[in-house]
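Student: Sharing run_37.csv below, CSV, C-alpha atoms:
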chain,number,residue,atom,x,y,z
B,1,MET,CA,161.7,166.6,111.0
B,2,GLN,CA,163.2,165.5,107.7
B,3,THR,CA,161.7,162.3,106.2
B,4,THR,CA,163.3,159.9,103.8
B,5,ASN,CA,161.9,157.7,101.1
B,6,THR,CA,164.6,155.1,101.5
B,7,PRO,CA,162.9,151.7,101.9
B,8,ALA,CA,163.3,149.8,105.2
B,9,ILE,CA,166.2,147.3,105.0
B,10,LYS,CA,165.4,143.6,105.1
B,11,GLN,CA,167.5,141.9,107.8
B,12,LEU,CA,169.7,139.0,107.1
B,13,LEU,CA,168.4,135.9,108.9
B,14,GLN,CA,171.1,133.4,108.0
B,15,VAL,CA,173.6,132.3,105.4
B,16,HIS,CA,173.2,128.6,104.7
B,17,ARG,CA,175.6,126.3,102.9
B,18,THR,CA,175.5,122.6,102.2
B,19,ASP,CA,178.7,120.8,101.1
B,20,SER,CA,177.4,117.2,101.2
B,21,ALA,CA,176.5,115.9,97.7
B,22,HIS,CA,174.6,112.9,96.4
B,23,TRP,CA,173.5,111.5,93.1
B,24,VAL,CA,170.0,111.8,91.6
B,25,GLY,CA,169.9,108.9,89.1
B,26,ASP,CA,173.2,108.5,87.3
B,27,GLY,CA,173.3,112.0,85.7
B,28,PHE,CA,172.9,114.6,88.4
B,29,PRO,CA,175.5,115.0,91.2
B,30,VAL,CA,173.7,117.5,93.4
B,31,ARG,CA,174.0,119.5,96.6
B,32,SER,CA,170.6,119.9,98.3
B,33,ILE,CA,170.7,123.6,99.3
B,34,PHE,CA,167.4,123.3,101.1
B,35,ASP,CA,164.4,121.0,101.2
B,36,TYR,CA,160.9,120.9,102.7
B,37,GLU,CA,162.0,118.6,105.5
B,38,ASN,CA,164.1,121.4,107.1
B,39,LEU,CA,164.8,125.0,106.0
B,40,GLY,CA,162.2,125.0,103.1
B,41,ARG,CA,159.0,124.1,104.9
B,42,GLU,CA,158.0,127.6,106.1
B,43,ALA,CA,161.0,129.9,105.9
B,44,LEU,CA,161.3,129.7,102.1
B,45,SER,CA,157.7,129.2,101.1
B,46,PRO,CA,156.6,129.0,98.3
B,47,PHE,CA,159.9,127.2,97.5
B,48,LEU,CA,160.1,123.7,98.7
B,49,LEU,CA,163.5,122.4,97.5
B,50,MET,CA,166.6,123.5,95.7
B,51,ASP,CA,169.2,121.2,94.2
B,52,TYR,CA,172.4,122.5,92.7
B,53,ALA,CA,173.8,120.0,90.2
B,54,GLY,CA,177.5,120.3,89.3
B,55,PRO,CA,179.6,121.8,88.0
B,56,ALA,CA,180.7,118.3,87.0
B,57,GLU,CA,182.6,116.9,84.1
B,58,PHE,CA,181.1,114.0,82.2
B,59,LYS,CA,183.0,111.9,79.7
B,60,PRO,CA,181.4,111.0,76.3
B,61,ALA,CA,179.0,108.0,76.6
B,62,ALA,CA,176.8,105.8,74.5
B,63,GLU,CA,173.6,106.1,76.5
B,64,PRO,CA,172.1,109.3,78.1
B,65,ARG,CA,172.5,109.5,81.9
B,66,GLY,CA,169.8,110.9,84.2
B,67,VAL,CA,166.6,109.8,85.9
B,68,GLY,CA,164.1,107.4,84.4
B,69,GLU,CA,160.4,107.4,84.7
B,70,HIS,CA,159.0,108.6,88.0
B,71,PRO,CA,156.0,110.4,89.4
B,72,HIS,CA,155.3,113.9,90.9
B,73,ARG,CA,152.1,115.5,92.3
B,74,GLY,CA,151.2,118.7,94.0
B,75,PHE,CA,154.0,121.2,93.0
B,76,GLU,CA,156.1,122.4,90.1
B,77,THR,CA,159.7,121.8,89.1
B,78,VAL,CA,161.9,124.6,87.6
B,79,THR,CA,165.2,123.7,86.0
B,80,LEU,CA,167.7,126.4,85.1
B,81,ALA,CA,170.5,125.4,82.8
B,82,TYR,CA,174.0,126.9,82.9
B,83,GLN,CA,176.2,124.3,81.3
B,84,GLY,CA,175.3,121.1,79.5
B,85,GLU,CA,171.9,120.0,78.1
B,86,VAL,CA,169.0,118.1,79.6
B,87,GLU,CA,165.9,116.6,77.9
B,88,HIS,CA,162.5,116.1,79.4
B,89,ARG,CA,159.4,114.2,78.5
B,90,ASP,CA,156.2,113.4,80.5
B,91,SER,CA,153.0,111.5,80.4
B,92,ASN,CA,151.0,114.8,79.8
B,93,GLY,CA,152.8,115.3,76.4
B,94,GLY,CA,155.3,117.9,77.6
B,95,GLY,CA,158.9,117.7,76.6
B,96,GLY,CA,161.9,119.5,75.3
B,97,ARG,CA,165.6,120.1,75.5
B,98,ILE,CA,167.2,123.0,77.4
B,99,GLY,CA,170.8,124.3,77.3
B,100,PRO,CA,172.8,127.2,78.7
B,101,GLY,CA,170.5,130.2,79.5
B,102,ASP,CA,167.3,128.2,79.1
B,103,VAL,CA,164.7,127.3,81.7
B,104,GLN,CA,162.2,124.5,82.0
B,105,TRP,CA,159.1,124.9,84.1
B,106,MET,CA,157.0,121.8,84.7
B,107,THR,CA,153.7,121.9,86.5
B,108,ALA,CA,153.1,118.4,88.0
B,109,ALA,CA,149.9,119.5,89.8
B,110,SER,CA,147.4,116.5,89.7
B,111,GLY,CA,150.2,114.2,88.6
B,112,VAL,CA,152.6,113.2,85.8
B,113,MET,CA,155.1,110.6,85.1
B,114,HIS,CA,158.3,112.0,83.6
B,115,GLU,CA,162.0,111.5,83.0
B,116,GLU,CA,165.0,113.8,82.8
B,117,LYS,CA,168.2,112.8,81.0
B,118,HIS,CA,171.3,114.4,79.5
B,119,SER,CA,170.6,115.2,75.8
B,120,ARG,CA,171.8,112.8,73.2
B,121,ALA,CA,174.2,115.4,71.8
B,122,PHE,CA,175.7,116.3,75.2
B,123,THR,CA,176.0,112.6,76.1
B,124,GLU,CA,178.0,111.9,72.9
B,125,ARG,CA,180.4,114.8,73.2
B,126,GLY,CA,180.6,115.0,77.0
B,127,GLY,CA,181.5,118.2,78.9
B,128,VAL,CA,180.7,120.2,82.0
B,129,PHE,CA,177.1,119.9,83.4
B,130,GLU,CA,175.7,122.6,85.8
B,131,MET,CA,172.1,123.3,86.6
B,132,ILE,CA,169.7,124.3,89.4
B,133,GLN,CA,166.4,122.6,90.1
B,134,LEU,CA,163.7,124.2,92.3
B,135,TRP,CA,160.5,122.7,93.6
B,136,VAL,CA,157.8,125.3,93.9
B,137,ASN,CA,154.7,124.6,96.0
B,138,LEU,CA,151.2,125.0,94.7
B,139,PRO,CA,148.3,126.2,96.9
B,140,ALA,CA,145.7,123.6,97.8
B,141,LYS,CA,143.2,124.9,95.3
B,142,ASP,CA,145.6,124.3,92.5
B,143,LYS,CA,147.3,121.0,93.5
B,144,MET,CA,144.9,118.9,91.5
B,145,SER,CA,144.8,121.2,88.5
B,146,ALA,CA,145.9,120.0,85.0
B,147,PRO,CA,149.6,119.4,84.5
B,148,GLY,CA,151.5,121.7,82.3
B,149,TYR,CA,154.9,122.4,80.7
B,150,GLN,CA,156.8,125.6,79.8
B,151,THR,CA,160.0,125.8,77.8
B,152,LEU,CA,161.5,129.2,78.4
B,153,PRO,CA,164.4,129.7,75.9
B,154,ALA,CA,167.2,132.1,76.7
B,155,GLY,CA,166.0,134.6,74.0
B,156,ARG,CA,162.6,135.0,75.8
B,157,ILE,CA,164.1,135.9,79.2
B,158,PRO,CA,164.4,139.7,79.3
B,159,PRO,CA,167.7,141.2,80.6
B,160,VAL,CA,167.8,144.4,82.6
B,161,ASN,CA,171.0,146.4,83.0
B,162,LEU,CA,171.8,147.6,86.5
B,163,PRO,CA,172.7,151.2,87.2
B,164,ASP,CA,176.4,152.3,87.0
B,165,GLN,CA,177.3,149.2,85.0
B,166,ALA,CA,177.0,147.1,88.1
B,167,GLY,CA,175.7,144.1,86.2
B,168,GLN,CA,172.5,142.6,84.9
B,169,VAL,CA,169.3,140.9,85.9
B,170,ARG,CA,167.5,138.3,83.8
B,171,VAL,CA,163.9,138.1,84.7
B,172,VAL,CA,162.7,134.5,84.6
B,173,ALA,CA,159.5,135.0,86.5
B,174,GLY,CA,157.8,138.0,88.1
B,175,GLU,CA,158.9,141.6,87.4
B,176,TYR,CA,162.0,143.8,87.7
B,177,GLN,CA,162.2,147.4,86.7
B,178,GLY,CA,159.2,147.0,84.3
B,179,ALA,CA,160.5,143.9,82.6
B,180,ARG,CA,158.3,140.9,83.1
B,181,GLY,CA,159.5,137.3,83.0
B,182,PRO,CA,157.9,134.8,80.6
B,183,ALA,CA,157.0,132.1,83.2
B,184,HIS,CA,153.4,131.6,84.2
B,185,THR,CA,153.1,131.1,88.0
B,186,PHE,CA,150.2,130.2,90.2
B,187,THR,CA,151.2,132.6,93.0
B,188,PRO,CA,153.3,135.8,92.9
B,189,ILE,CA,156.9,134.7,92.4
B,190,ASN,CA,160.1,136.6,91.4
B,191,LEU,CA,162.9,134.5,90.0
B,192,TRP,CA,165.8,136.5,88.8
B,193,GLU,CA,169.3,135.6,87.6
B,194,ILE,CA,171.7,138.3,88.7
B,195,SER,CA,175.3,139.0,87.6
B,196,LEU,CA,177.4,141.6,89.4
B,197,ARG,CA,180.9,142.7,88.4
B,198,ALA,CA,183.7,142.8,91.1
B,199,GLY,CA,183.4,145.9,93.3
B,200,ALA,CA,179.8,146.7,92.2
B,201,ARG,CA,177.1,147.7,94.6
B,202,ALA,CA,173.4,147.2,93.8
B,203,ASN,CA,170.1,147.9,95.6
B,204,PHE,CA,167.1,145.6,95.2
B,205,ASP,CA,163.7,146.8,96.3
B,206,LEU,CA,161.6,143.8,97.0
B,207,PRO,CA,157.9,143.2,97.9
B,208,GLU,CA,157.1,143.6,101.6
B,209,GLY,CA,156.0,140.4,103.3
B,210,HIS,CA,157.5,138.1,100.6
B,211,THR,CA,160.2,135.5,101.0
B,212,ALA,CA,163.6,136.8,99.9
B,213,ALA,CA,166.7,134.7,99.4
B,214,PHE,CA,169.8,135.0,97.2
B,215,PHE,CA,171.8,131.9,96.1
B,216,VAL,CA,175.4,132.6,95.2
B,217,ARG,CA,176.3,130.3,92.3
B,218,ARG,CA,179.7,131.8,91.8
B,219,GLY,CA,181.7,134.6,93.5
B,220,ARG,CA,181.2,136.4,96.9
B,221,VAL,CA,179.0,139.2,98.0
B,222,GLU,CA,178.6,141.4,101.1
B,223,LEU,CA,175.1,141.5,102.5
B,224,SER,CA,173.2,144.6,103.7
B,225,GLY,CA,172.1,144.7,107.3
B,226,SER,CA,175.2,142.7,108.4
B,227,ARG,CA,178.9,142.3,108.2
B,228,ASP,CA,178.5,138.9,106.7
B,229,THR,CA,179.4,137.7,103.2
B,230,ALA,CA,178.0,134.8,101.2
B,231,GLY,CA,180.2,132.7,98.9
B,232,GLU,CA,179.9,130.0,96.3
B,233,ALA,CA,177.0,127.6,96.8
B,234,SER,CA,175.6,129.6,99.8
B,235,LEU,CA,172.0,130.8,100.3
B,236,ALA,CA,171.4,134.1,102.1
B,237,LEU,CA,167.9,134.3,103.6
B,238,PHE,CA,166.4,137.7,104.5
B,239,SER,CA,163.4,138.7,106.6
B,240,ARG,CA,160.0,139.2,105.0
B,241,GLU,CA,159.7,142.6,106.7
B,242,GLY,CA,161.4,145.5,105.0
B,243,ARG,CA,162.0,146.0,101.3
B,244,ARG,CA,165.6,146.8,100.4
B,245,VAL,CA,168.6,144.4,100.1
B,246,THR,CA,172.0,145.8,99.1
B,247,LEU,CA,174.6,143.5,97.6
B,248,THR,CA,178.3,144.4,97.1
B,249,ALA,CA,180.3,142.0,95.0
B,250,ARG,CA,183.7,141.2,96.3
B,251,GLU,CA,184.5,139.5,93.0
B,252,ASP,CA,182.6,138.8,89.8
B,253,THR,CA,179.4,137.1,91.1
B,254,ALA,CA,176.5,135.2,89.7
B,255,LEU,CA,173.3,134.8,91.9
B,256,LEU,CA,169.8,133.5,91.7
B,257,PHE,CA,167.1,135.5,93.6
B,258,LEU,CA,164.2,133.5,95.0
B,259,GLY,CA,161.2,135.7,96.0
B,260,GLY,CA,157.6,135.0,96.5
B,261,GLU,CA,154.4,135.2,98.4
B,262,PRO,CA,154.3,132.6,101.2
B,263,ILE,CA,151.7,129.9,101.0
B,264,ALA,CA,150.2,129.7,104.5
B,265,GLU,CA,149.0,126.1,104.3
B,266,PRO,CA,150.2,122.7,105.7
B,267,VAL,CA,153.0,121.0,103.8
B,268,VAL,CA,153.0,117.2,103.9
B,269,GLY,CA,155.5,115.5,101.6
B,270,GLN,CA,156.7,112.1,100.9
B,271,GLY,CA,159.3,111.6,98.2
B,272,PRO,CA,157.9,112.9,94.9
B,273,PHE,CA,154.6,114.0,96.3
B,274,VAL,CA,153.9,117.3,98.2
B,275,MET,CA,150.3,117.8,99.4
B,276,ASN,CA,148.5,119.2,102.4
B,277,THR,CA,147.5,116.0,104.3
B,278,ALA,CA,148.8,112.5,104.9
B,279,GLY,CA,145.6,111.2,103.3
B,280,GLU,CA,146.3,113.0,100.1
B,281,ILE,CA,149.8,111.4,100.0
B,282,ARG,CA,148.3,108.0,100.4
B,283,GLN,CA,145.9,108.8,97.6
B,284,ALA,CA,148.7,109.9,95.4
B,285,ILE,CA,150.5,106.5,96.0
B,286,MET,CA,147.4,104.6,95.2
B,287,ASP,CA,146.8,106.6,92.0
B,288,VAL,CA,150.3,105.9,90.7
B,289,ARG,CA,149.9,102.2,91.4
B,290,ALA,CA,146.6,102.3,89.5
B,291,GLY,CA,148.2,104.0,86.5
B,292,ARG,CA,146.2,107.2,86.9
B,293,PHE,CA,149.3,109.3,86.2
B,294,GLY,CA,149.6,107.8,82.8
B,295,ARG,CA,152.7,106.3,81.3
B,296,LEU,CA,155.6,107.2,79.1
B,297,GLU,CA,156.1,105.6,75.7
B,298,PRO,CA,159.0,103.0,75.9
B,299,ALA,CA,161.1,104.8,73.3
B,300,ALA,CA,164.2,106.4,74.7
B,301,LEU,CA,165.0,110.1,74.4
B,302,SER,CA,166.7,111.1,71.2
Rewrite the coordinates I just gave you, this time as structure tokens.

Tutor:
Amino acid sequence: MQTTNTPAIKQLLQVHRTDSAHWVGDGFPVRSIFDYENLGREALSPFLLMDYAGPAEFKPAAEPRGVGEHPHRGFETVTLAYQGEVEHRDSNGGGGRIGPGDVQWMTAASGVMHEEKHSRAFTERGGVFEMIQLWVNLPAKDKMSAPGYQTLPAGRIPPVNLPDQAGQVRVVAGEYQGARGPAHTFTPINLWEISLRAGARANFDLPEGHTAAFFVRRGRVELSGSRDTAGEASLALFSREGRRVTLTAREDTALLFLGGEPIAEPVVGQGPFVMNTAGEIRQAIMDVRAGRFGRLEPAALS
């Protein structure tokens, strides 16, 4: 009997799309692709939430738009910038500005107060704003660890060319074909930005047992293991069993791959807090009221 070394194919579970949009503050018109109250609680662990902001045109303004001071505890936020600029500062001393190609990785963990707003320069000139924000869960043992902040500029994110000039992979976190992403993660995570040219076909061999999902930011792809396609602002979720996913681009396509080891623990969330028990949520609320998350200085971003 002839054997083959071709990895088992991951099966497509669903293609999910959300068209309804809402505002976060006055600066981020988002579509919530998934959150921990529905699709993200177990199926997409360790990812809790994904908001896709824009593309949206903003006219020049005098004051930066965005979200003012607010708390988080128990997880991390990851912001990937495609168009426009955002500035961040928090009560732990973290802060910075990111623009196209950059990534911001904030670890709220035991708790921070922070704000996110359009940069002063983007506010004054206006333009198109487009970003993705993910919430990434932390295991129970790390939820009360010290907060942290990582700015990952575009120049630090390694690109890997796909075979046959099919496109490119930018490795934000984890590893692809020997290239390691700059992000520090608490659990094994692969976060890749993928570009495929029209008509190209690419195989991706992924860790067995890990969550595997592809978000199509632009374009359309055919998905292995099915006759389905996924188009703009759609999320294709695959089985944890198997290793290989094959994508064929119907047109020039930009994707974000979300992969990671599931965290097999209870998820209890309320607004900006994601913990393991209702008691921990109550404690988080009391800690914020008592000022234990710290405070931001009153000066505006500049």

Student: Pick out the closest residue to Arg65 (chain B) from this set: B:Arg170, B:Arg156, B:Arg201, B:Lys117. Count only C-alpha atoms.

Tutor: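 Ranking B:Arg170, B:Arg156, B:Arg201, B:Lys117 by distance to Arg65 (chain B), first place goes to B:Lys117.
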
Student: When distances are computed from only C-alpha atoms, which of B:Met144, B:Val86, B:Leu49, B:Val112 shows the smallest separation from Pro100 (chain B)?

Tutor: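 For Pro100 (chain B), the nearest of the candidates is B:Val86.
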
Student: Point out the residue among B:Gly101, B:Gly111, B:Gly271, B:Gly127 with the least atom-to-atom distance to Gly84 (chain B), counting all atoms listed in the file.

Tutor: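 Of the candidates, the smallest distance to Gly84 (chain B) is held by B:Gly127.
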
Student: Please produce, as a tab-separated table, a per-residue contact table for region 164-230 of chain B versus region 29-39 of chain B (criterion: any atom at most 12 Å away, all atoms listed in the file considered), showing the nearest atom pair and its distance in Å to one decimal, sorted by chain then residue number.

Tutor:
residue	atom	partner	partner_atom	distance
B:Ala213	CA	B:Phe34	CA	11.5
B:Phe214	CA	B:Ile33	CA	11.6
B:Phe215	CA	B:Ile33	CA	9.0
B:Val216	CA	B:Ile33	CA	10.9
B:Arg217	CA	B:Ile33	CA	11.2

Student: Keeping only C-alpha atoms, write the selected residues as an mmCIF file, keeping the file's coordinate frame.

Tutor:
data_model
loop_
_atom_site.group_PDB
_atom_site.id
_atom_site.type_symbol
_atom_site.label_atom_id
_atom_site.label_comp_id
_atom_site.auth_asym_id
_atom_site.auth_seq_id
_atom_site.Cartn_x
_atom_site.Cartn_y
_atom_site.Cartn_z
ATOM 1 C CA ALA B 213 166.700 134.700 99.400
ATOM 2 C CA PHE B 214 169.800 135.000 97.200
ATOM 3 C CA PHE B 215 171.800 131.900 96.100
ATOM 4 C CA VAL B 216 175.400 132.600 95.200
ATOM 5 C CA ARG B 217 176.300 130.300 92.300
#

Student: In terms of the shortest atom-to-atom distance over all atoms listed in the file, which of B:Gly126, B:Pro182, B:Gly54, B:Pro60 is closest to Gln104 (chain B)?

Tutor: B:Pro182

Student: Output requested as a PDB file, in the frame of the given file - region 246-267 of chain B, filled out with N, CA, C and O atoms.

Tutor:
ATOM      1  N   THR B 246     170.839 145.287  99.831  1.00  0.00           N
ATOM      2  CA  THR B 246     172.000 145.800  99.100  1.00  0.00           C
ATOM      3  C   THR B 246     173.066 144.754  99.041  1.00  0.00           C
ATOM      4  O   THR B 246     173.436 144.181 100.066  1.00  0.00           O
ATOM      5  N   LEU B 247     173.552 144.501  97.844  1.00  0.00           N
ATOM      6  CA  LEU B 247     174.600 143.500  97.600  1.00  0.00           C
ATOM      7  C   LEU B 247     175.848 144.240  97.083  1.00  0.00           C
ATOM      8  O   LEU B 247     175.727 145.063  96.168  1.00  0.00           O
ATOM      9  N   THR B 248     177.017 143.910  97.620  1.00  0.00           N
ATOM     10  CA  THR B 248     178.300 144.400  97.100  1.00  0.00           C
ATOM     11  C   THR B 248     179.157 143.248  96.723  1.00  0.00           C
ATOM     12  O   THR B 248     179.458 142.395  97.566  1.00  0.00           O
ATOM     13  N   ALA B 249     179.560 143.192  95.464  1.00  0.00           N
ATOM     14  CA  ALA B 249     180.300 142.000  95.000  1.00  0.00           C
ATOM     15  C   ALA B 249     181.790 142.173  95.322  1.00  0.00           C
ATOM     16  O   ALA B 249     182.438 143.158  94.953  1.00  0.00           O
ATOM     17  N   ARG B 250     182.310 141.218  96.034  1.00  0.00           N
ATOM     18  CA  ARG B 250     183.700 141.200  96.300  1.00  0.00           C
ATOM     19  C   ARG B 250     184.549 140.748  95.088  1.00  0.00           C
ATOM     20  O   ARG B 250     185.722 141.065  94.962  1.00  0.00           O
ATOM     21  N   GLU B 251     183.894 139.982  94.219  1.00  0.00           N
ATOM     22  CA  GLU B 251     184.500 139.500  93.000  1.00  0.00           C
ATOM     23  C   GLU B 251     183.333 139.329  91.980  1.00  0.00           C
ATOM     24  O   GLU B 251     182.167 139.511  92.347  1.00  0.00           O
ATOM     25  N   ASP B 252     183.643 139.022  90.738  1.00  0.00           N
ATOM     26  CA  ASP B 252     182.600 138.800  89.800  1.00  0.00           C
ATOM     27  C   ASP B 252     181.654 137.681  90.359  1.00  0.00           C
ATOM     28  O   ASP B 252     182.139 136.603  90.748  1.00  0.00           O
ATOM     29  N   THR B 253     180.349 137.962  90.390  1.00  0.00           N
ATOM     30  CA  THR B 253     179.400 137.100  91.100  1.00  0.00           C
ATOM     31  C   THR B 253     178.174 136.825  90.304  1.00  0.00           C
ATOM     32  O   THR B 253     177.634 137.717  89.650  1.00  0.00           O
ATOM     33  N   ALA B 254     177.706 135.573  90.363  1.00  0.00           N
ATOM     34  CA  ALA B 254     176.500 135.200  89.700  1.00  0.00           C
ATOM     35  C   ALA B 254     175.519 134.647  90.815  1.00  0.00           C
ATOM     36  O   ALA B 254     175.915 133.803  91.637  1.00  0.00           O
ATOM     37  N   LEU B 255     174.291 135.169  90.843  1.00  0.00           N
ATOM     38  CA  LEU B 255     173.300 134.800  91.900  1.00  0.00           C
ATOM     39  C   LEU B 255     171.990 134.441  91.264  1.00  0.00           C
ATOM     40  O   LEU B 255     171.684 134.802  90.128  1.00  0.00           O
ATOM     41  N   LEU B 256     171.188 133.745  92.056  1.00  0.00           N
ATOM     42  CA  LEU B 256     169.800 133.500  91.700  1.00  0.00           C
ATOM     43  C   LEU B 256     168.947 134.028  92.864  1.00  0.00           C
ATOM     44  O   LEU B 256     169.144 133.635  94.023  1.00  0.00           O
ATOM     45  N   PHE B 257     168.021 134.943  92.532  1.00  0.00           N
ATOM     46  CA  PHE B 257     167.100 135.500  93.600  1.00  0.00           C
ATOM     47  C   PHE B 257     165.824 134.692  93.558  1.00  0.00           C
ATOM     48  O   PHE B 257     165.203 134.479  92.514  1.00  0.00           O
ATOM     49  N   LEU B 258     165.411 134.257  94.770  1.00  0.00           N
ATOM     50  CA  LEU B 258     164.200 133.500  95.000  1.00  0.00           C
ATOM     51  C   LEU B 258     163.254 134.421  95.832  1.00  0.00           C
ATOM     52  O   LEU B 258     163.566 134.688  97.005  1.00  0.00           O
ATOM     53  N   GLY B 259     162.163 134.899  95.260  1.00  0.00           N
ATOM     54  CA  GLY B 259     161.200 135.700  96.000  1.00  0.00           C
ATOM     55  C   GLY B 259     159.802 135.261  95.716  1.00  0.00           C
ATOM     56  O   GLY B 259     159.491 134.811  94.607  1.00  0.00           O
ATOM     57  N   GLY B 260     158.935 135.376  96.716  1.00  0.00           N
ATOM     58  CA  GLY B 260     157.600 135.000  96.500  1.00  0.00           C
ATOM     59  C   GLY B 260     156.661 135.152  97.658  1.00  0.00           C
ATOM     60  O   GLY B 260     157.118 135.283  98.800  1.00  0.00           O
ATOM     61  N   GLU B 261     155.377 135.147  97.383  1.00  0.00           N
ATOM     62  CA  GLU B 261     154.400 135.200  98.400  1.00  0.00           C
ATOM     63  C   GLU B 261     154.262 133.894  99.139  1.00  0.00           C
ATOM     64  O   GLU B 261     154.013 132.869  98.485  1.00  0.00           O
ATOM     65  N   PRO B 262     154.425 133.851 100.463  1.00  0.00           N
ATOM     66  CA  PRO B 262     154.300 132.600 101.200  1.00  0.00           C
ATOM     67  C   PRO B 262     152.950 131.940 101.024  1.00  0.00           C
ATOM     68  O   PRO B 262     151.938 132.640 100.932  1.00  0.00           O
ATOM     69  N   ILE B 263     152.922 130.619 100.977  1.00  0.00           N
ATOM     70  CA  ILE B 263     151.700 129.900 101.000  1.00  0.00           C
ATOM     71  C   ILE B 263     151.423 129.364 102.385  1.00  0.00           C
ATOM     72  O   ILE B 263     152.122 128.457 102.850  1.00  0.00           O
ATOM     73  N   ALA B 264     150.473 129.963 103.071  1.00  0.00           N
ATOM     74  CA  ALA B 264     150.200 129.700 104.500  1.00  0.00           C
ATOM     75  C   ALA B 264     149.302 128.476 104.633  1.00  0.00           C
ATOM     76  O   ALA B 264     148.156 128.587 105.090  1.00  0.00           O
ATOM     77  N   GLU B 265     149.816 127.310 104.239  1.00  0.00           N
ATOM     78  CA  GLU B 265     149.000 126.100 104.300  1.00  0.00           C
ATOM     79  C   GLU B 265     149.968 124.947 104.776  1.00  0.00           C
ATOM     80  O   GLU B 265     151.192 125.045 104.631  1.00  0.00           O
ATOM     81  N   PRO B 266     149.388 123.872 105.329  1.00  0.00           N
ATOM     82  CA  PRO B 266     150.200 122.700 105.700  1.00  0.00           C
ATOM     83  C   PRO B 266     150.995 122.145 104.566  1.00  0.00           C
ATOM     84  O   PRO B 266     150.489 122.127 103.439  1.00  0.00           O
ATOM     85  N   VAL B 267     152.203 121.680 104.838  1.00  0.00           N
ATOM     86  CA  VAL B 267     153.000 121.000 103.800  1.00  0.00           C
ATOM     87  C   VAL B 267     153.262 119.572 104.342  1.00  0.00           C
ATOM     88  O   VAL B 267     153.888 119.371 105.381  1.00  0.00           O
TER      89      VAL B 267
END
